[in-house]
Amino acid sequence: MRRKIVAGNWKMNGSRALVKQLMAPVGSELAALDNGVGVVIIPPALYVADVLESAVPGVEVGVQNIARWNSGAYTGEISGAMARDSGCGYVLVGHSERRQLFDETDEQIAAKVGQALDSGLTAILCVGETLAQRNAGTAEHVVAGQLRAGLVNVGDNQWPGIVVAYEPVWAIGTGETATAEDAQAMHAAIRNELEKLGAPADELSLLYGGSVKADNAAALFAQQDIDGGLIGGASLKAEEFMSICRAVPGSY
Ligand code: 13P
């Protein structure tokens with residue numbers, strides 16, 4: 001059975017003080033959650049140790065990026081092995097902000113997915129179309145291409161280390177969300193494409209991201225192929241984030 005996951009991507013936000021402030025309610029409320037959701041906190045890498053220190057058992061931690069190499073003279077970079085060694089279980093790869101603002105290419109993203117898997121991290125591969133691509137009717141084609149390119153290095157036995165997050169670029173940080181029906185349609189298309197790539201598609205978790213809030217989470221998470229969410233802005237508000245975690249249905 002696939003895992004239900006709510007992951008909070010803090011992006012370049014936060015401080016040591018905020019870690020304490022956010023993690024306390026996560027800890028106290030998580031114990032009361034009985035829907036089996038896996039909670040993953042993805043802070044800036046410098047705060048991974050602080051998050052781990054304040055995290056209750058059951059909360060997992062990730063980084064927002066890793067290098068596409070495993071070690072060496074790459075000033076400023078952090079390897080997958082280092083993230084794993086520091087207690088992380090997850091890494092975001094191919095977030096649209098990295099694709100757009102840092103010119104990450106499909107080849108670089110595929111290399112990072114490979115590094116993640118070789119390091120024992122679960123890679124959350126982010127895919128999603130722009131508004132222009134959606135309006136042109138090419139959204140599914142674009143997303144399928146991102147999947148094929150990003151997952152090219154995944155070996156037959158490495159699929160359990162893959163989670164896909166569908167984040168339409170036009171919905172990130174804008175307050176615009178895909179309707180639950182549109183998000184479901186894309187998630188079904190993603191599962192179909194994963195099947196074609198030889199993945200055990202029914203067993204992989206697919207997350208929706210893009211302006212998920214406490215008041216729209218339940219409708220999204222009720223969809224058959226949506227296994228949780230990747231949350232940006234709302235993950236920086238403890239009460240709202242925990243409401244989103246509670247919105248995951250208890251069983252399929
Ligand atoms: P928002 O939830 O702020 O729209 O961000 C989504 C996102 O990019 C998560 O990775």
# chains A, B, ... in the order shown; residues from 1 in each chain; ligands from 1

call {"tool": "residues_around", "arguments": {"residues": "region 78-82 of chain A", "least_positions_apart": "2", "cutoff": "7 Å", "atoms": "only C-alpha atoms", "output": "PDB file with all heavy atoms, in the first residue's frame"}}
result
ATOM      1  N   ILE A  66      20.275  18.560  -3.483  1.00  0.00           N
ATOM      2  CA  ILE A  66      21.605  17.980  -3.283  1.00  0.00           C
ATOM      3  C   ILE A  66      22.418  18.207  -4.551  1.00  0.00           C
ATOM      4  O   ILE A  66      21.867  18.565  -5.595  1.00  0.00           O
ATOM      5  CB  ILE A  66      21.564  16.455  -2.978  1.00  0.00           C
ATOM      6  CG1 ILE A  66      20.789  15.689  -4.058  1.00  0.00           C
ATOM      7  CG2 ILE A  66      21.053  16.172  -1.578  1.00  0.00           C
ATOM      8  CD1 ILE A  66      20.911  14.167  -3.960  1.00  0.00           C
ATOM      9  N   ALA A  67      23.725  17.950  -4.416  1.00  0.00           N
ATOM     10  CA  ALA A  67      24.608  18.078  -5.585  1.00  0.00           C
ATOM     11  C   ALA A  67      24.372  16.918  -6.531  1.00  0.00           C
ATOM     12  O   ALA A  67      23.848  15.873  -6.145  1.00  0.00           O
ATOM     13  CB  ALA A  67      26.059  18.078  -5.124  1.00  0.00           C
ATOM     14  N   TRP A  69      26.894  15.424  -7.813  1.00  0.00           N
ATOM     15  CA  TRP A  69      28.112  14.628  -7.665  1.00  0.00           C
ATOM     16  C   TRP A  69      28.133  14.047  -6.263  1.00  0.00           C
ATOM     17  O   TRP A  69      27.451  14.547  -5.378  1.00  0.00           O
ATOM     18  CB  TRP A  69      29.340  15.519  -7.848  1.00  0.00           C
ATOM     19  CG  TRP A  69      29.284  16.346  -9.084  1.00  0.00           C
ATOM     20  CD1 TRP A  69      29.601  15.967 -10.352  1.00  0.00           C
ATOM     21  CD2 TRP A  69      28.867  17.717  -9.190  1.00  0.00           C
ATOM     22  NE1 TRP A  69      29.404  17.002 -11.233  1.00  0.00           N
ATOM     23  CE2 TRP A  69      28.957  18.090 -10.543  1.00  0.00           C
ATOM     24  CE3 TRP A  69      28.406  18.678  -8.269  1.00  0.00           C
ATOM     25  CZ2 TRP A  69      28.619  19.362 -11.003  1.00  0.00           C
ATOM     26  CZ3 TRP A  69      28.076  19.939  -8.717  1.00  0.00           C
ATOM     27  CH2 TRP A  69      28.183  20.268 -10.081  1.00  0.00           C
ATOM     28  N   ASN A  70      28.998  13.034  -6.045  1.00  0.00           N
ATOM     29  CA  ASN A  70      28.965  12.448  -4.695  1.00  0.00           C
ATOM     30  C   ASN A  70      29.955  13.060  -3.725  1.00  0.00           C
ATOM     31  O   ASN A  70      29.735  12.996  -2.515  1.00  0.00           O
ATOM     32  CB  ASN A  70      29.033  10.907  -4.722  1.00  0.00           C
ATOM     33  CG  ASN A  70      30.262  10.396  -5.411  1.00  0.00           C
ATOM     34  OD1 ASN A  70      31.141  11.188  -5.736  1.00  0.00           O
ATOM     35  ND2 ASN A  70      30.312   9.110  -5.641  1.00  0.00           N
ATOM     36  N   SER A  71      31.051  13.644  -4.204  1.00  0.00           N
ATOM     37  CA  SER A  71      31.968  14.349  -3.290  1.00  0.00           C
ATOM     38  C   SER A  71      32.996  15.074  -4.144  1.00  0.00           C
ATOM     39  O   SER A  71      33.077  14.846  -5.350  1.00  0.00           O
ATOM     40  CB  SER A  71      32.686  13.359  -2.356  1.00  0.00           C
ATOM     41  OG  SER A  71      33.574  12.551  -3.103  1.00  0.00           O
ATOM     42  N   GLY A  76      30.336  24.889  -1.933  1.00  0.00           N
ATOM     43  CA  GLY A  76      28.965  25.334  -1.694  1.00  0.00           C
ATOM     44  C   GLY A  76      27.926  24.244  -1.830  1.00  0.00           C
ATOM     45  O   GLY A  76      26.756  24.475  -1.541  1.00  0.00           O
ATOM     46  N   ARG A  84      22.065  12.232   4.055  1.00  0.00           N
ATOM     47  CA  ARG A  84      21.686  10.967   4.713  1.00  0.00           C
ATOM     48  C   ARG A  84      22.419  10.841   6.044  1.00  0.00           C
ATOM     49  O   ARG A  84      21.833  10.480   7.067  1.00  0.00           O
ATOM     50  CB  ARG A  84      22.036   9.803   3.774  1.00  0.00           C
ATOM     51  CG  ARG A  84      21.546   8.465   4.242  1.00  0.00           C
ATOM     52  CD  ARG A  84      20.075   8.262   3.894  1.00  0.00           C
ATOM     53  NE  ARG A  84      19.519   7.094   4.557  1.00  0.00           N
ATOM     54  CZ  ARG A  84      18.699   7.124   5.613  1.00  0.00           C
ATOM     55  NH1 ARG A  84      18.298   8.281   6.117  1.00  0.00           N
ATOM     56  NH2 ARG A  84      18.257   6.016   6.149  1.00  0.00           N
ATOM     57  N   ASP A  85      23.728  11.145   6.008  1.00  0.00           N
ATOM     58  CA  ASP A  85      24.573  11.048   7.198  1.00  0.00           C
ATOM     59  C   ASP A  85      24.069  11.982   8.311  1.00  0.00           C
ATOM     60  O   ASP A  85      24.227  11.708   9.495  1.00  0.00           O
ATOM     61  CB  ASP A  85      26.001  11.430   6.780  1.00  0.00           C
ATOM     62  CG  ASP A  85      27.033  11.143   7.851  1.00  0.00           C
ATOM     63  OD1 ASP A  85      26.875  10.122   8.551  1.00  0.00           O
ATOM     64  OD2 ASP A  85      27.990  11.927   7.984  1.00  0.00           O
ATOM     65  N   SER A  86      23.448  13.092   7.912  1.00  0.00           N
ATOM     66  CA  SER A  86      22.938  14.070   8.888  1.00  0.00           C
ATOM     67  C   SER A  86      21.541  13.730   9.374  1.00  0.00           C
ATOM     68  O   SER A  86      20.944  14.495  10.125  1.00  0.00           O
ATOM     69  CB  SER A  86      22.915  15.470   8.266  1.00  0.00           C
ATOM     70  OG  SER A  86      24.206  15.823   7.856  1.00  0.00           O
ATOM     71  N   GLN A 115      21.854  10.307  -7.524  1.00  0.00           N
ATOM     72  CA  GLN A 115      22.632  10.509  -6.292  1.00  0.00           C
ATOM     73  C   GLN A 115      21.778  10.239  -5.056  1.00  0.00           C
ATOM     74  O   GLN A 115      22.234   9.635  -4.091  1.00  0.00           O
ATOM     75  CB  GLN A 115      23.168  11.952  -6.218  1.00  0.00           C
ATOM     76  CG  GLN A 115      24.315  12.248  -7.164  1.00  0.00           C
ATOM     77  CD  GLN A 115      25.579  11.489  -6.809  1.00  0.00           C
ATOM     78  OE1 GLN A 115      25.849  11.192  -5.650  1.00  0.00           O
ATOM     79  NE2 GLN A 115      26.351  11.146  -7.816  1.00  0.00           N
ATOM     80  N   ALA A 116      20.550  10.706  -5.092  1.00  0.00           N
ATOM     81  CA  ALA A 116      19.647  10.507  -3.949  1.00  0.00           C
ATOM     82  C   ALA A 116      19.473   9.017  -3.678  1.00  0.00           C
ATOM     83  O   ALA A 116      19.639   8.543  -2.550  1.00  0.00           O
ATOM     84  CB  ALA A 116      18.293  11.156  -4.225  1.00  0.00           C
ATOM     85  N   SER A 119      22.403   7.246  -2.336  1.00  0.00           N
ATOM     86  CA  SER A 119      22.699   7.634  -0.941  1.00  0.00           C
ATOM     87  C   SER A 119      21.681   7.084   0.042  1.00  0.00           C
ATOM     88  O   SER A 119      21.804   7.310   1.241  1.00  0.00           O
ATOM     89  CB  SER A 119      22.693   9.161  -0.806  1.00  0.00           C
ATOM     90  OG  SER A 119      23.463   9.752  -1.798  1.00  0.00           O
TER      91      SER A 119
END

call {"tool": "select_by_dssp", "arguments": {"residues": "region 137-210 of chain A", "states": "alpha helix (DSSP H)", "output": "JSON, numbers by chain"}}
result
{"A": [139, 140, 141, 142, 143, 144, 145, 146, 147, 148, 149, 150, 180, 181, 182, 183, 184, 185, 186, 187, 188, 189, 190, 191, 192, 193, 194, 195, 196]}

call {"tool": "closest_atom_pairs", "arguments": {"of": "chain A", "to": "ligand 1", "cutoff": "7 Å", "atoms": "only C-alpha atoms and all ligand atoms", "output": "JSON lines"}}
result
{"residue": "A:Asn9", "atom": "CA", "partner": "ligand 1", "partner_atom_place_in_ligand_line": "10 (O)", "distance": 5.2}
{"residue": "A:His95", "atom": "CA", "partner": "ligand 1", "partner_atom_place_in_ligand_line": "10 (O)", "distance": 6.7}
{"residue": "A:Glu167", "atom": "CA", "partner": "ligand 1", "partner_atom_place_in_ligand_line": "8 (O)", "distance": 6.8}
{"residue": "A:Ala171", "atom": "CA", "partner": "ligand 1", "partner_atom_place_in_ligand_line": "4 (O)", "distance": 6.0}
{"residue": "A:Ile172", "atom": "CA", "partner": "ligand 1", "partner_atom_place_in_ligand_line": "4 (O)", "distance": 3.5}
{"residue": "A:Gly173", "atom": "CA", "partner": "ligand 1", "partner_atom_place_in_ligand_line": "4 (O)", "distance": 3.5}
{"residue": "A:Thr174", "atom": "CA", "partner": "ligand 1", "partner_atom_place_in_ligand_line": "4 (O)", "distance": 6.2}
{"residue": "A:Gly175", "atom": "CA", "partner": "ligand 1", "partner_atom_place_in_ligand_line": "4 (O)", "distance": 6.7}
{"residue": "A:Gly209", "atom": "CA", "partner": "ligand 1", "partner_atom_place_in_ligand_line": "6 (C)", "distance": 5.1}
{"residue": "A:Gly210", "atom": "CA", "partner": "ligand 1", "partner_atom_place_in_ligand_line": "4 (O)", "distance": 3.8}
{"residue": "A:Ser211", "atom": "CA", "partner": "ligand 1", "partner_atom_place_in_ligand_line": "4 (O)", "distance": 3.5}
{"residue": "A:Val212", "atom": "CA", "partner": "ligand 1", "partner_atom_place_in_ligand_line": "2 (O)", "distance": 5.2}
{"residue": "A:Leu230", "atom": "CA", "partner": "ligand 1", "partner_atom_place_in_ligand_line": "9 (C)", "distance": 5.0}
{"residue": "A:Ile231", "atom": "CA", "partner": "ligand 1", "partner_atom_place_in_ligand_line": "2 (O)", "distance": 4.4}
{"residue": "A:Gly232", "atom": "CA", "partner": "ligand 1", "partner_atom_place_in_ligand_line": "2 (O)", "distance": 3.4}
{"residue": "A:Gly233", "atom": "CA", "partner": "ligand 1", "partner_atom_place_in_ligand_line": "3 (O)", "distance": 3.7}
{"residue": "A:Ala234", "atom": "CA", "partner": "ligand 1", "partner_atom_place_in_ligand_line": "2 (O)", "distance": 6.0}

call {"tool": "write_last_selection", "arguments": {"atoms": "N, CA, C and O atoms", "output": "PDB file, in the first residue's frame"}}
result
ATOM      1  N   ASN A   9       7.752  22.118   2.702  1.00  0.00           N
ATOM      2  CA  ASN A   9       8.951  22.707   2.097  1.00  0.00           C
ATOM      3  C   ASN A   9       9.047  24.155   2.570  1.00  0.00           C
ATOM      4  O   ASN A   9       8.306  25.009   2.104  1.00  0.00           O
ATOM      5  N   HIS A  95      12.489  20.877  -8.179  1.00  0.00           N
ATOM      6  CA  HIS A  95      11.443  21.860  -7.858  1.00  0.00           C
ATOM      7  C   HIS A  95      11.433  22.938  -8.942  1.00  0.00           C
ATOM      8  O   HIS A  95      12.490  23.306  -9.464  1.00  0.00           O
ATOM      9  N   GLU A 167       3.334  19.715  -9.044  1.00  0.00           N
ATOM     10  CA  GLU A 167       3.160  21.102  -8.610  1.00  0.00           C
ATOM     11  C   GLU A 167       3.008  21.988  -9.849  1.00  0.00           C
ATOM     12  O   GLU A 167       4.018  22.389 -10.451  1.00  0.00           O
ATOM     13  N   ALA A 171       0.315  27.466  -9.770  1.00  0.00           N
ATOM     14  CA  ALA A 171      -0.386  27.353  -8.483  1.00  0.00           C
ATOM     15  C   ALA A 171       0.559  27.574  -7.291  1.00  0.00           C
ATOM     16  O   ALA A 171       0.105  27.603  -6.152  1.00  0.00           O
ATOM     17  N   ILE A 172       1.860  27.721  -7.561  1.00  0.00           N
ATOM     18  CA  ILE A 172       2.817  27.815  -6.454  1.00  0.00           C
ATOM     19  C   ILE A 172       2.876  29.238  -5.918  1.00  0.00           C
ATOM     20  O   ILE A 172       3.239  30.169  -6.642  1.00  0.00           O
ATOM     21  N   GLY A 173       2.483  29.389  -4.664  1.00  0.00           N
ATOM     22  CA  GLY A 173       2.587  30.682  -3.994  1.00  0.00           C
ATOM     23  C   GLY A 173       1.627  31.726  -4.525  1.00  0.00           C
ATOM     24  O   GLY A 173       1.752  32.907  -4.219  1.00  0.00           O
ATOM     25  N   THR A 174       0.659  31.320  -5.331  1.00  0.00           N
ATOM     26  CA  THR A 174      -0.232  32.287  -5.974  1.00  0.00           C
ATOM     27  C   THR A 174      -1.617  32.343  -5.342  1.00  0.00           C
ATOM     28  O   THR A 174      -2.390  33.249  -5.629  1.00  0.00           O
ATOM     29  N   GLY A 175      -1.941  31.319  -4.522  1.00  0.00           N
ATOM     30  CA  GLY A 175      -3.299  31.234  -3.998  1.00  0.00           C
ATOM     31  C   GLY A 175      -4.227  30.513  -4.973  1.00  0.00           C
ATOM     32  O   GLY A 175      -5.365  30.203  -4.657  1.00  0.00           O
ATOM     33  N   GLY A 209       1.087  19.649  -4.950  1.00  0.00           N
ATOM     34  CA  GLY A 209       1.580  20.879  -4.318  1.00  0.00           C
ATOM     35  C   GLY A 209       1.174  22.099  -5.111  1.00  0.00           C
ATOM     36  O   GLY A 209       1.037  22.040  -6.341  1.00  0.00           O
ATOM     37  N   GLY A 210       0.996  23.224  -4.422  1.00  0.00           N
ATOM     38  CA  GLY A 210       0.610  24.469  -5.072  1.00  0.00           C
ATOM     39  C   GLY A 210      -0.568  25.072  -4.346  1.00  0.00           C
ATOM     40  O   GLY A 210      -1.712  24.685  -4.574  1.00  0.00           O
ATOM     41  N   SER A 211      -0.254  25.990  -3.408  1.00  0.00           N
ATOM     42  CA  SER A 211      -1.295  26.695  -2.641  1.00  0.00           C
ATOM     43  C   SER A 211      -2.231  25.752  -1.889  1.00  0.00           C
ATOM     44  O   SER A 211      -3.429  26.026  -1.776  1.00  0.00           O
ATOM     45  N   VAL A 212      -1.691  24.630  -1.378  1.00  0.00           N
ATOM     46  CA  VAL A 212      -2.510  23.780  -0.504  1.00  0.00           C
ATOM     47  C   VAL A 212      -2.662  24.494   0.835  1.00  0.00           C
ATOM     48  O   VAL A 212      -1.679  24.983   1.408  1.00  0.00           O
ATOM     49  N   LEU A 230       2.621  18.447  -0.938  1.00  0.00           N
ATOM     50  CA  LEU A 230       3.894  19.141  -0.724  1.00  0.00           C
ATOM     51  C   LEU A 230       3.523  20.602  -0.486  1.00  0.00           C
ATOM     52  O   LEU A 230       3.002  21.278  -1.379  1.00  0.00           O
ATOM     53  N   ILE A 231       3.768  21.044   0.732  1.00  0.00           N
ATOM     54  CA  ILE A 231       3.199  22.307   1.195  1.00  0.00           C
ATOM     55  C   ILE A 231       4.296  23.357   1.335  1.00  0.00           C
ATOM     56  O   ILE A 231       5.311  23.094   1.997  1.00  0.00           O
ATOM     57  N   GLY A 232       4.092  24.532   0.738  1.00  0.00           N
ATOM     58  CA  GLY A 232       5.057  25.619   0.873  1.00  0.00           C
ATOM     59  C   GLY A 232       4.647  26.556   1.990  1.00  0.00           C
ATOM     60  O   GLY A 232       4.839  26.275   3.180  1.00  0.00           O
ATOM     61  N   GLY A 233       4.047  27.693   1.618  1.00  0.00           N
ATOM     62  CA  GLY A 233       3.722  28.747   2.583  1.00  0.00           C
ATOM     63  C   GLY A 233       3.000  28.264   3.829  1.00  0.00           C
ATOM     64  O   GLY A 233       3.331  28.673   4.947  1.00  0.00           O
ATOM     65  N   ALA A 234       2.030  27.373   3.644  1.00  0.00           N
ATOM     66  CA  ALA A 234       1.233  26.938   4.801  1.00  0.00           C
ATOM     67  C   ALA A 234       2.029  26.048   5.758  1.00  0.00           C
ATOM     68  O   ALA A 234       1.600  25.827   6.894  1.00  0.00           O
TER      69      ALA A 234
END

call {"tool": "select_by_dssp", "arguments": {"residues": "region 39-224 of chain A", "states": "strand (DSSP E or B)", "output": "ChimeraX atom specification"}}
result
/A:39-42,59-63,90-93,122-127,162-166,206-209

call {"tool": "closest_residue", "arguments": {"among": "A:Asp227, A:Ala132, A:Asn13, A:Arg246", "to": "Asp34 (chain A)", "atoms": "only C-alpha atoms"}}
result
A:Arg246

call {"tool": "residues_around", "arguments": {"residues": "Gly229 (chain A)", "least_positions_apart": "6", "cutoff": "7 Å", "atoms": "only C-alpha atoms", "output": "ChimeraX atom specification"}}
result
/A:5-7,207-209

call {"tool": "residues_around", "arguments": {"residues": "region 144-146 of chain A", "least_positions_apart": "2", "cutoff": "9 Å", "atoms": "only C-alpha atoms", "output": "ChimeraX atom specification"}}
result
/A:106,126-128,139-142,148-151,189-190,193-194

call {"tool": "atom_distance", "arguments": {"atom1": "CA of Ser15 (chain A)", "atom2": "CA of Tyr47 (chain A)"}}
result
7.7 Å

call {"tool": "residues_around", "arguments": {"residues": "Leu236 (chain A)", "least_positions_apart": "5", "cutoff": "8 Å", "atoms": "only C-alpha atoms", "output": "compact mmCIF listing (two decimals) with N, CA, C and O atoms, in the first residue's frame"}}
result
# COMPACT_ATOMS: atom_id res chain seq x y z
N GLY A 8 6.44 19.45 4.31
CA GLY A 8 6.50 20.90 4.39
C GLY A 8 7.82 21.41 3.84
O GLY A 8 8.87 21.13 4.41
N TRP A 10 9.98 24.39 3.49
CA TRP A 10 10.10 25.74 4.06
C TRP A 10 10.74 26.73 3.10
O TRP A 10 10.79 27.92 3.36
N LEU A 22 7.78 26.23 15.40
CA LEU A 22 6.97 25.39 14.52
C LEU A 22 6.94 23.94 14.96
O LEU A 22 5.92 23.26 14.81
N PHE A 241 -0.51 23.90 9.14
CA PHE A 241 0.18 22.70 8.64
C PHE A 241 -0.41 21.45 9.29
O PHE A 241 -0.66 20.45 8.61

call {"tool": "closest_residue", "arguments": {"among": "A:Val48, A:Val248, A:Ala165, A:Ile41", "to": "Gln224 (chain A)", "atoms": "only C-alpha atoms"}}
result
A:Val248

call {"tool": "decode", "arguments": {"residues": "region 150-163 of chain A", "atoms": "N, CA, C and O atoms", "output": "PDB file, in the first residue's frame"}}
result
ATOM      1  N   GLY A 150      13.555  12.785 -15.831  1.00  0.00           N
ATOM      2  CA  GLY A 150      14.052  12.809 -14.444  1.00  0.00           C
ATOM      3  C   GLY A 150      14.298  11.431 -13.870  1.00  0.00           C
ATOM      4  O   GLY A 150      15.121  11.253 -12.966  1.00  0.00           O
ATOM      5  N   LEU A 151      13.589  10.439 -14.409  1.00  0.00           N
ATOM      6  CA  LEU A 151      13.650   9.103 -13.808  1.00  0.00           C
ATOM      7  C   LEU A 151      14.477   8.130 -14.637  1.00  0.00           C
ATOM      8  O   LEU A 151      14.452   6.920 -14.387  1.00  0.00           O
ATOM      9  N   VAL A 152      15.231   8.677 -15.582  1.00  0.00           N
ATOM     10  CA  VAL A 152      15.947   7.814 -16.522  1.00  0.00           C
ATOM     11  C   VAL A 152      17.001   6.939 -15.829  1.00  0.00           C
ATOM     12  O   VAL A 152      17.324   5.850 -16.311  1.00  0.00           O
ATOM     13  N   ASN A 153      17.510   7.388 -14.685  1.00  0.00           N
ATOM     14  CA  ASN A 153      18.568   6.616 -14.001  1.00  0.00           C
ATOM     15  C   ASN A 153      18.047   5.653 -12.941  1.00  0.00           C
ATOM     16  O   ASN A 153      18.847   5.064 -12.212  1.00  0.00           O
ATOM     17  N   VAL A 154      16.735   5.534 -12.814  1.00  0.00           N
ATOM     18  CA  VAL A 154      16.194   4.702 -11.727  1.00  0.00           C
ATOM     19  C   VAL A 154      16.268   3.219 -12.117  1.00  0.00           C
ATOM     20  O   VAL A 154      15.728   2.809 -13.147  1.00  0.00           O
ATOM     21  N   GLY A 155      16.963   2.437 -11.295  1.00  0.00           N
ATOM     22  CA  GLY A 155      17.080   1.002 -11.565  1.00  0.00           C
ATOM     23  C   GLY A 155      15.808   0.276 -11.154  1.00  0.00           C
ATOM     24  O   GLY A 155      14.992   0.805 -10.379  1.00  0.00           O
ATOM     25  N   ASP A 156      15.658  -0.942 -11.679  1.00  0.00           N
ATOM     26  CA  ASP A 156      14.425  -1.712 -11.448  1.00  0.00           C
ATOM     27  C   ASP A 156      14.053  -1.835  -9.976  1.00  0.00           C
ATOM     28  O   ASP A 156      12.879  -1.808  -9.622  1.00  0.00           O
ATOM     29  N   ASN A 157      15.073  -2.003  -9.119  1.00  0.00           N
ATOM     30  CA  ASN A 157      14.772  -2.225  -7.690  1.00  0.00           C
ATOM     31  C   ASN A 157      14.819  -0.931  -6.881  1.00  0.00           C
ATOM     32  O   ASN A 157      14.757  -0.953  -5.656  1.00  0.00           O
ATOM     33  N   GLN A 158      14.940   0.226  -7.570  1.00  0.00           N
ATOM     34  CA  GLN A 158      15.081   1.502  -6.831  1.00  0.00           C
ATOM     35  C   GLN A 158      13.774   2.296  -6.749  1.00  0.00           C
ATOM     36  O   GLN A 158      13.729   3.348  -6.122  1.00  0.00           O
ATOM     37  N   TRP A 159      12.713   1.791  -7.367  1.00  0.00           N
ATOM     38  CA  TRP A 159      11.463   2.573  -7.395  1.00  0.00           C
ATOM     39  C   TRP A 159      10.904   2.895  -6.009  1.00  0.00           C
ATOM     40  O   TRP A 159      10.286   3.963  -5.824  1.00  0.00           O
ATOM     41  N   PRO A 160      11.073   2.046  -4.995  1.00  0.00           N
ATOM     42  CA  PRO A 160      10.547   2.429  -3.682  1.00  0.00           C
ATOM     43  C   PRO A 160      11.147   3.740  -3.146  1.00  0.00           C
ATOM     44  O   PRO A 160      10.583   4.354  -2.242  1.00  0.00           O
ATOM     45  N   GLY A 161      12.252   4.173  -3.728  1.00  0.00           N
ATOM     46  CA  GLY A 161      12.864   5.436  -3.302  1.00  0.00           C
ATOM     47  C   GLY A 161      12.355   6.647  -4.056  1.00  0.00           C
ATOM     48  O   GLY A 161      12.919   7.736  -3.935  1.00  0.00           O
ATOM     49  N   ILE A 162      11.289   6.476  -4.815  1.00  0.00           N
ATOM     50  CA  ILE A 162      10.750   7.594  -5.624  1.00  0.00           C
ATOM     51  C   ILE A 162       9.356   8.000  -5.146  1.00  0.00           C
ATOM     52  O   ILE A 162       8.468   7.166  -4.982  1.00  0.00           O
ATOM     53  N   VAL A 163       9.203   9.303  -4.934  1.00  0.00           N
ATOM     54  CA  VAL A 163       7.889   9.936  -4.728  1.00  0.00           C
ATOM     55  C   VAL A 163       7.801  11.020  -5.808  1.00  0.00           C
ATOM     56  O   VAL A 163       8.809  11.662  -6.123  1.00  0.00           O
TER      57      VAL A 163
END
